[in-house]
$ cat query-v7.cif   # mmCIF, C-alpha atoms
data_model
loop_
_atom_site.label_atom_id
_atom_site.label_comp_id
_atom_site.auth_asym_id
_atom_site.auth_seq_id
_atom_site.Cartn_x
_atom_site.Cartn_y
_atom_site.Cartn_z
CA MET A 28 9.95 10.96 54.74
CA ARG A 29 11.31 7.42 54.62
CA ASN A 30 8.10 6.23 52.97
CA ASN A 31 8.47 8.88 50.27
CA TYR A 32 12.05 7.79 49.53
CA PHE A 33 10.92 4.18 49.38
CA ILE A 34 8.14 4.98 46.89
CA LEU A 35 10.55 6.97 44.71
CA LEU A 36 13.01 4.08 44.77
CA LEU A 37 10.33 1.60 43.66
CA PHE A 38 9.24 3.95 40.89
CA PHE A 39 12.83 4.32 39.68
CA ILE A 40 13.39 0.55 39.68
CA GLN A 41 10.15 -0.07 37.79
CA PHE A 42 11.00 2.65 35.27
CA SER A 43 14.47 1.15 34.74
CA PHE A 44 13.04 -2.32 34.09
CA SER A 45 10.47 -0.91 31.65
CA GLN A 46 13.24 0.85 29.73
CA GLU A 47 15.43 -2.26 29.58
CA LYS A 48 12.62 -4.59 28.53
CA GLU A 49 13.21 -5.96 25.04
CA ARG A 50 10.77 -5.10 22.30
CA GLU A 51 8.47 -7.82 21.00
CA VAL A 52 6.32 -8.21 17.90
CA LEU A 53 3.00 -6.40 18.20
CA VAL A 54 0.34 -7.69 15.79
CA GLY A 55 -2.29 -5.08 15.00
CA LYS A 56 -4.96 -3.95 12.56
CA VAL A 57 -5.93 -0.51 11.22
CA VAL A 58 -9.69 0.00 10.74
CA SER A 59 -11.84 2.75 9.22
CA ASP A 60 -15.56 3.32 8.66
CA SER A 61 -15.47 4.02 4.92
CA LEU A 62 -12.12 3.69 3.15
CA GLU A 63 -9.75 0.77 2.63
CA VAL A 64 -6.81 0.77 5.02
CA GLU A 65 -4.11 -0.76 2.79
CA ASN A 66 -0.58 0.74 2.77
CA ILE A 67 -0.98 2.68 6.03
CA THR A 68 2.47 3.62 7.38
CA VAL A 69 3.07 2.55 10.99
CA LEU A 70 6.15 4.18 12.56
CA ASN A 71 7.60 3.50 16.00
CA LEU A 72 9.05 6.89 16.97
CA SER A 73 10.83 5.40 19.99
CA SER A 74 12.90 2.93 17.95
CA ASN A 75 12.63 4.40 14.42
CA ILE A 76 11.18 1.11 13.13
CA GLY A 77 8.49 1.20 10.43
CA SER A 78 5.87 -1.11 8.99
CA VAL A 79 3.07 -0.97 6.38
CA SER A 80 -0.44 -2.42 6.65
CA ASP A 81 -1.59 -5.07 4.18
CA PHE A 82 -4.84 -5.36 2.13
CA ASP A 83 -6.96 -5.90 5.28
CA GLY A 84 -5.17 -3.27 7.37
CA LYS A 85 -3.10 -5.81 9.32
CA PHE A 86 0.47 -5.02 10.34
CA SER A 87 3.20 -6.23 12.70
CA ILE A 88 5.91 -4.13 14.32
CA LYS A 89 8.48 -4.58 17.05
CA ALA A 90 7.61 -2.46 20.09
CA ARG A 91 7.18 -2.36 23.86
CA ALA A 92 5.03 -0.53 26.39
CA SER A 93 5.54 3.28 26.42
CA ASP A 94 6.67 3.30 22.77
CA THR A 95 4.93 5.88 20.58
CA LEU A 96 3.35 4.69 17.32
CA VAL A 97 2.30 7.03 14.51
CA PHE A 98 -0.24 5.96 11.86
CA GLN A 99 -0.28 7.89 8.57
CA GLY A 100 -2.19 7.57 5.27
CA LEU A 101 -2.95 9.88 2.35
CA SER A 102 -6.72 9.93 2.98
CA PHE A 103 -6.61 9.72 6.78
CA VAL A 104 -5.92 11.99 9.73
CA SER A 105 -2.57 11.02 11.28
CA LYS A 106 -2.84 9.42 14.70
CA LYS A 107 -0.25 9.11 17.51
CA TYR A 108 -0.64 6.43 20.17
CA ILE A 109 1.45 5.49 23.25
CA LEU A 110 1.42 1.74 23.83
CA LEU A 111 0.31 0.22 27.13
CA GLU A 112 1.17 -3.11 28.71
CA SER A 113 -2.43 -4.25 28.12
CA ASP A 114 -2.04 -3.75 24.35
CA PHE A 115 0.32 -6.74 24.25
CA LEU A 116 -2.11 -9.04 26.08
CA ILE A 117 -4.79 -9.07 23.35
CA ASN A 118 -4.72 -11.17 20.18
CA GLU A 119 -5.04 -8.22 17.82
CA PHE A 120 -4.33 -4.61 18.68
CA LYS A 121 -6.73 -2.31 16.75
CA VAL A 122 -6.41 1.36 15.81
CA LYS A 123 -9.22 3.34 14.15
CA LEU A 124 -8.34 6.18 11.73
CA GLN A 125 -10.57 9.10 10.76
CA VAL A 126 -11.03 10.04 7.09
CA LYS A 127 -9.87 13.50 6.00
CA LEU A 128 -12.76 15.79 5.00
CA ASN A 129 -12.16 18.26 2.18
CA GLU A 130 -14.33 21.36 2.66
CA LEU A 131 -15.55 23.32 -0.37
CA ASN A 132 -15.05 27.05 -0.62
CA GLU A 133 -17.91 29.19 0.62
CA ILE A 134 -20.39 30.31 -2.07
CA VAL A 135 -21.30 34.01 -1.84
CA VAL A 136 -24.62 35.22 -3.30
CA THR A 137 -24.35 38.84 -4.46
CA PRO A 138 -27.16 41.40 -4.97
CA ASN A 139 -26.65 41.00 -8.75
CA SER A 140 -27.92 37.43 -8.76
CA LEU A 141 -30.34 36.41 -11.50
CA THR A 142 -34.03 37.04 -10.91
CA GLY A 143 -35.42 34.30 -13.16
CA ASN A 144 -36.96 36.81 -15.55
CA LEU A 145 -35.17 36.26 -18.89
CA ALA A 146 -36.04 39.69 -20.24
CA GLU A 147 -34.67 41.45 -17.16
CA ASP A 148 -31.62 39.22 -16.65
CA SER A 149 -30.53 39.50 -20.30
CA LYS A 150 -30.17 43.26 -19.89
CA LYS A 151 -27.49 42.71 -17.20
CA ILE A 152 -25.30 40.62 -19.51
CA LYS A 153 -22.40 42.53 -21.04
CA VAL A 154 -21.94 41.67 -24.74
CA TYR A 155 -18.69 42.28 -26.59
CA VAL A 156 -19.12 43.09 -30.29
CA PRO A 157 -15.83 43.06 -32.27
CA ASN A 158 -15.20 45.75 -34.85
CA LEU A 159 -15.00 43.89 -38.22
CA ALA A 160 -15.03 46.98 -40.38
CA GLY A 161 -12.17 47.18 -42.86
CA ILE A 162 -11.37 43.43 -42.87
CA ASP A 163 -11.14 41.79 -46.34
CA PHE A 164 -12.28 38.22 -45.67
CA SER A 165 -11.31 37.11 -49.19
CA LYS A 166 -7.64 37.50 -48.30
CA LEU A 167 -7.80 35.53 -45.05
CA SER A 168 -6.09 32.13 -45.03
CA PHE A 169 -6.70 29.23 -42.63
CA PRO A 170 -4.01 26.55 -42.10
CA ASP A 171 -4.96 22.88 -42.27
CA ASP A 172 -6.22 21.36 -39.04
CA GLN A 173 -3.52 18.87 -38.00
CA TYR A 174 -5.15 17.74 -34.78
CA SER A 175 -8.87 17.04 -35.29
CA LYS A 176 -9.57 13.52 -36.51
CA VAL A 177 -12.13 12.99 -39.26
CA ALA A 178 -14.96 10.80 -38.06
CA ASN A 179 -15.15 7.56 -40.04
CA PRO A 180 -18.43 5.60 -39.64
CA LEU A 181 -16.71 2.43 -40.93
CA GLU A 182 -14.10 2.53 -38.18
CA LYS A 183 -16.50 1.68 -35.32
CA SER A 184 -18.25 -0.99 -37.35
CA GLY A 185 -15.00 -2.91 -37.96
CA SER A 186 -15.41 -2.70 -41.71
CA SER A 187 -12.60 -1.94 -44.16
CA PRO A 188 -12.57 1.70 -45.38
CA LEU A 189 -11.77 0.44 -48.90
CA THR A 190 -14.31 -2.33 -49.39
CA GLY A 191 -16.77 -1.86 -46.52
CA ILE A 192 -16.28 -5.54 -45.61
CA ASN A 193 -16.23 -6.44 -41.91
CA PHE A 194 -13.25 -8.81 -41.71
CA ASN A 195 -13.83 -9.39 -37.98
CA LYS A 196 -17.10 -11.12 -38.80
CA ILE A 197 -15.35 -13.25 -41.42
CA LEU A 198 -12.62 -14.29 -38.93
CA ASP A 199 -15.34 -15.35 -36.48
CA LEU A 200 -16.35 -18.05 -39.00
CA PHE A 201 -12.95 -19.73 -38.49
CA ASP A 202 -13.23 -19.66 -34.68
CA THR A 203 -13.27 -23.31 -33.59
CA ALA A 204 -14.72 -24.86 -30.44
CA GLU A 205 -11.17 -25.72 -29.36
CA LYS A 206 -10.11 -22.06 -29.47
CA ARG A 207 -13.21 -20.98 -27.56
CA GLU A 208 -12.54 -23.61 -24.90
CA LYS A 209 -8.92 -22.42 -24.62
CA ARG A 210 -10.03 -18.82 -24.07
CA LYS A 211 -12.55 -19.99 -21.48
CA LYS A 212 -9.81 -21.89 -19.64
CA ILE A 213 -7.52 -18.84 -19.64
CA ARG A 214 -10.31 -16.67 -18.20
CA ALA A 215 -10.96 -19.23 -15.47
CA GLU A 216 -7.24 -19.34 -14.58
CA ASN A 217 -7.10 -15.54 -14.40
CA ILE A 218 -10.10 -15.46 -12.05
CA ALA A 219 -8.54 -18.16 -9.84
CA ASN A 220 -5.22 -16.27 -9.72
CA GLU A 221 -6.97 -13.04 -8.75
CA LYS A 222 -8.86 -14.84 -5.96
CA TRP A 223 -5.62 -16.42 -4.68
CA LEU A 224 -3.87 -13.04 -4.74
CA ARG A 225 -6.69 -11.58 -2.62
CA GLU A 226 -6.25 -14.37 -0.07
CA VAL A 227 -2.50 -13.77 0.09
CA GLN A 228 -2.99 -10.01 0.54
CA SER A 229 -5.37 -10.61 3.47
CA GLU A 230 -2.36 -11.45 5.69
CA SER A 231 1.07 -9.90 6.14
CA PHE A 232 4.30 -11.53 4.96
CA TYR A 233 5.21 -12.09 8.63
CA ASP A 234 1.99 -14.10 9.19
CA HIS A 235 2.51 -16.23 6.05
CA LEU A 236 6.12 -16.97 6.99
CA MET A 237 5.32 -17.90 10.59
CA LYS A 238 2.56 -20.28 9.42
CA ARG A 239 5.04 -22.26 7.33
CA TYR A 240 8.30 -21.98 9.24
CA SER A 241 9.17 -21.70 12.92
CA HIS A 242 11.55 -19.29 14.65
CA ASN A 243 13.93 -22.23 15.00
CA PHE A 244 13.97 -22.73 11.22
CA ILE A 245 14.85 -19.08 10.65
CA VAL A 246 17.59 -19.14 13.31
CA GLU A 247 19.11 -22.55 12.52
CA ASN A 248 18.64 -22.86 8.76
CA LEU A 249 18.73 -19.24 7.63
CA LYS A 250 21.35 -18.21 10.23
CA ILE A 251 19.35 -15.19 11.40
CA LYS A 252 19.79 -14.06 14.99
CA ASN A 253 16.68 -14.08 17.12
CA GLU A 254 16.79 -10.31 17.70
CA ASP A 255 17.06 -9.71 13.92
CA ILE A 256 14.08 -11.86 12.85
CA VAL A 257 11.62 -8.94 12.49
CA SER A 258 14.15 -6.85 10.56
CA PHE A 259 14.97 -9.79 8.29
CA ILE A 260 11.30 -10.47 7.50
CA ALA A 261 10.80 -6.81 6.54
CA PHE A 262 13.97 -7.00 4.39
CA ALA A 263 12.93 -10.23 2.65
CA ASP A 264 9.32 -9.24 1.88
CA PRO A 265 8.94 -10.01 -1.88
CA GLY A 266 5.64 -8.17 -2.39
CA SER A 267 2.14 -9.57 -2.87
CA TYR A 268 2.47 -10.78 -6.48
CA GLN A 269 5.74 -12.68 -6.06
CA LEU A 270 4.64 -14.00 -2.66
CA ALA A 271 1.46 -15.39 -4.23
CA GLU A 272 3.63 -17.44 -6.61
CA PHE A 273 5.97 -18.61 -3.85
CA LEU A 274 3.08 -19.82 -1.67
CA LYS A 275 1.77 -22.19 -4.32
CA SER A 276 2.52 -25.82 -3.39
CA GLU A 277 4.55 -26.44 -6.56
CA ASN A 278 6.87 -23.51 -5.72
CA GLU A 279 7.80 -24.52 -2.16
CA LEU A 280 11.43 -25.25 -3.11
CA LYS A 281 11.75 -21.90 -4.93
CA PHE A 282 10.45 -20.12 -1.81
CA VAL A 283 13.08 -21.78 0.39
CA GLU A 284 15.83 -20.92 -2.10
CA TYR A 285 14.63 -17.31 -2.12
CA LEU A 286 14.72 -17.13 1.71
CA VAL A 287 18.23 -18.63 1.80
CA ALA A 288 19.47 -16.07 -0.75
CA LYS A 289 17.85 -13.15 1.11
CA SER A 290 19.24 -14.34 4.47
CA SER A 291 22.76 -14.44 3.01
CA GLU A 292 22.31 -10.91 1.65
CA PHE A 293 20.87 -9.70 4.98
CA ASN A 294 23.75 -11.16 7.03
CA ARG A 295 26.31 -9.75 4.59
CA ASN A 296 24.79 -6.27 4.95
CA LYS A 297 24.80 -6.60 8.75
CA LEU A 298 28.46 -7.63 8.74
CA GLU A 299 29.45 -4.68 6.51
CA GLU A 300 27.47 -2.33 8.75
CA ASN A 301 29.20 -3.63 11.89
CA ASN A 302 32.63 -3.34 10.28
CA THR A 303 31.87 0.24 9.26
CA ASN A 304 30.77 1.13 12.82
CA LEU A 305 33.94 -0.42 14.27
CA LYS A 306 36.05 1.54 11.79
CA TYR A 307 34.51 4.83 12.86
CA GLU A 308 34.86 3.93 16.55
CA ASP A 309 38.61 3.29 16.08
#
$ encode --input "query-v7.cif" --output "structure tokens"
Amino acid sequence: MRNNYFILLLFFIQFSFSQEKEREVLVGKVVSDSLEVENITVLNLSSNIGSVSDFDGKFSIKARASDTLVFQGLSFVSKKYILLESDFLINEFKVKLQVKLNELNEIVVTPNSLTGNLAEDSKKIKVYVPNLAGIDFSKLSFPDDQYSKVANPLEKSGSSPLTGINFNKILDLFDTAEKREKRKKIRAENIANEKWLREVQSESFYDHLMKRYSHNFIVENLKIKNEDIVSFIAFADPGSYQLAEFLKSENELKFVEYLVAKSSEFNRNKLEENNTNLKYED
């Protein structure tokens, strides 16, 4: 009997420590066999904290062992998972989602199906013949068609409907090598920007921020409390397109100014929230 009480006491102590343990950042990745896993919602039901996966399915969320995570996406079957201690010991926690399958309605073949004999099958077709007797077609009027567009063969060719001259061809004669080189340069810049955007989207905002600035920078310079770092990063996420501009070397100062402004806004919101809670408690 004493041994049983001792075991129950140890279990209670261990359970209490597991409940009091602070949550830490869990870095994970959503994978699937066929579809892209961008914008998958990750919700911690135990703490009501949410996150969203990036272009490569990566996400980060504050959690601890025994927390329940729910993964949801429009084209995927929702999945619920209870975290274990071992999930925090690996570099990247992975979750695989199954794609939703849309089943087609059942096709029923009736005894009246076609036989393949045109002469026989045509006899089964019901034909409706309207009664036109007594109608004076000379008195019928038809309003102008206001919706159908008249096909113009000159329109696709680029020629003028008045003269038949293709002015696009004439303008090409004034196209200089300098203009062609300028258009080529613009196309190259657009391709480079798209490639850079893809690279930025391959990692979460949390990963990009931690690569450039330490926790100490966020706490000391941005005045964010250590327990609020994850919430602040989610609050300050500018989105892929703006982040891609901030991460360019020439925009480093603009990025810092943006973080300072967002930290001030975040702390102001926290202060107003605390004051509101104190007001209701009084």
$ atom_distance --input "query-v7.cif" --atom1 "CA of Phe115 (chain A)" --atom2 "CA of Val57 (chain A)"
15.7 Å
$ closest_residue --input "query-v7.cif" --among "A:Glu254, A:Lys85, A:Lys289, A:Asn71" --to "Ile109 (chain A)" --atoms "only C-alpha atoms"
A:Asn71
$ closest_residue --input "query-v7.cif" --among "A:Leu270, A:Leu286, A:Ala261, A:Trp223" --to "Asn248 (chain A)" --atoms "only C-alpha atoms"
A:Leu286
$ resolve_selection --input "query-v7.cif" --expression "the PyMOL selection byres ((chain A and resi 291) around 12)" --output "PDB file with C-alpha atoms, in the coordinates of the input"
ATOM      1  CA  ILE A 245      14.850 -19.080  10.650  1.00  0.00           C
ATOM      2  CA  ASN A 248      18.640 -22.860   8.760  1.00  0.00           C
ATOM      3  CA  LEU A 249      18.730 -19.240   7.630  1.00  0.00           C
ATOM      4  CA  LYS A 250      21.350 -18.210  10.230  1.00  0.00           C
ATOM      5  CA  ILE A 251      19.350 -15.190  11.400  1.00  0.00           C
ATOM      6  CA  PHE A 259      14.970  -9.790   8.290  1.00  0.00           C
ATOM      7  CA  PHE A 262      13.970  -7.000   4.390  1.00  0.00           C
ATOM      8  CA  ALA A 263      12.930 -10.230   2.650  1.00  0.00           C
ATOM      9  CA  GLU A 284      15.830 -20.920  -2.100  1.00  0.00           C
ATOM     10  CA  TYR A 285      14.630 -17.310  -2.120  1.00  0.00           C
ATOM     11  CA  LEU A 286      14.720 -17.130   1.710  1.00  0.00           C
ATOM     12  CA  VAL A 287      18.230 -18.630   1.800  1.00  0.00           C
ATOM     13  CA  ALA A 288      19.470 -16.070  -0.750  1.00  0.00           C
ATOM     14  CA  LYS A 289      17.850 -13.150   1.110  1.00  0.00           C
ATOM     15  CA  SER A 290      19.240 -14.340   4.470  1.00  0.00           C
ATOM     16  CA  GLU A 292      22.310 -10.910   1.650  1.00  0.00           C
ATOM     17  CA  PHE A 293      20.870  -9.700   4.980  1.00  0.00           C
ATOM     18  CA  ASN A 294      23.750 -11.160   7.030  1.00  0.00           C
ATOM     19  CA  ARG A 295      26.310  -9.750   4.590  1.00  0.00           C
ATOM     20  CA  ASN A 296      24.790  -6.270   4.950  1.00  0.00           C
ATOM     21  CA  LYS A 297      24.800  -6.600   8.750  1.00  0.00           C
ATOM     22  CA  LEU A 298      28.460  -7.630   8.740  1.00  0.00           C
TER      23      LEU A 298
END
$ atom_distance --input "query-v7.cif" --atom1 "CA of Glu221 (chain A)" --atom2 "CA of Lys206 (chain A)"
22.8 Å
$ atom_distance --input "query-v7.cif" --atom1 "CA of Ile76 (chain A)" --atom2 "CA of Ser93 (chain A)"
14.6 Å
$ resolve_selection --input "query-v7.cif" --expression "the PyMOL selection byres ((chain A and resi 230) around 10)" --output "ChimeraX atom specification"
/A:80-86,225-229,231-235,267
$ write_last_selection --input "query-v7.cif" --atoms "C-alpha atoms" --output "short mmCIF file (atom, residue, chain, number, x, y, z; two decimals), keeping the file's coordinate frame"
data_model
loop_
_atom_site.label_atom_id
_atom_site.label_comp_id
_atom_site.auth_asym_id
_atom_site.auth_seq_id
_atom_site.Cartn_x
_atom_site.Cartn_y
_atom_site.Cartn_z
CA SER A 80 -0.44 -2.42 6.65
CA ASP A 81 -1.59 -5.07 4.18
CA PHE A 82 -4.84 -5.36 2.13
CA ASP A 83 -6.96 -5.90 5.28
CA GLY A 84 -5.17 -3.27 7.37
CA LYS A 85 -3.10 -5.81 9.32
CA PHE A 86 0.47 -5.02 10.34
CA ARG A 225 -6.69 -11.58 -2.62
CA GLU A 226 -6.25 -14.37 -0.07
CA VAL A 227 -2.50 -13.77 0.09
CA GLN A 228 -2.99 -10.01 0.54
CA SER A 229 -5.37 -10.61 3.47
CA SER A 231 1.07 -9.90 6.14
CA PHE A 232 4.30 -11.53 4.96
CA TYR A 233 5.21 -12.09 8.63
CA ASP A 234 1.99 -14.10 9.19
CA HIS A 235 2.51 -16.23 6.05
CA SER A 267 2.14 -9.57 -2.87
#
$ closest_residue --input "query-v7.cif" --among "A:Glu277, A:Val257, A:Asp264, A:Val283" --to "Tyr240 (chain A)" --atoms "all atoms listed in the file"
A:Val283
$ resolve_selection --input "query-v7.cif" --expression "the PyMOL selection byres ((chain A and resi 91) around 12)" --output "number ranges by chain"
A: 44-54, 71-74, 76, 88-90, 92-96, 109-116
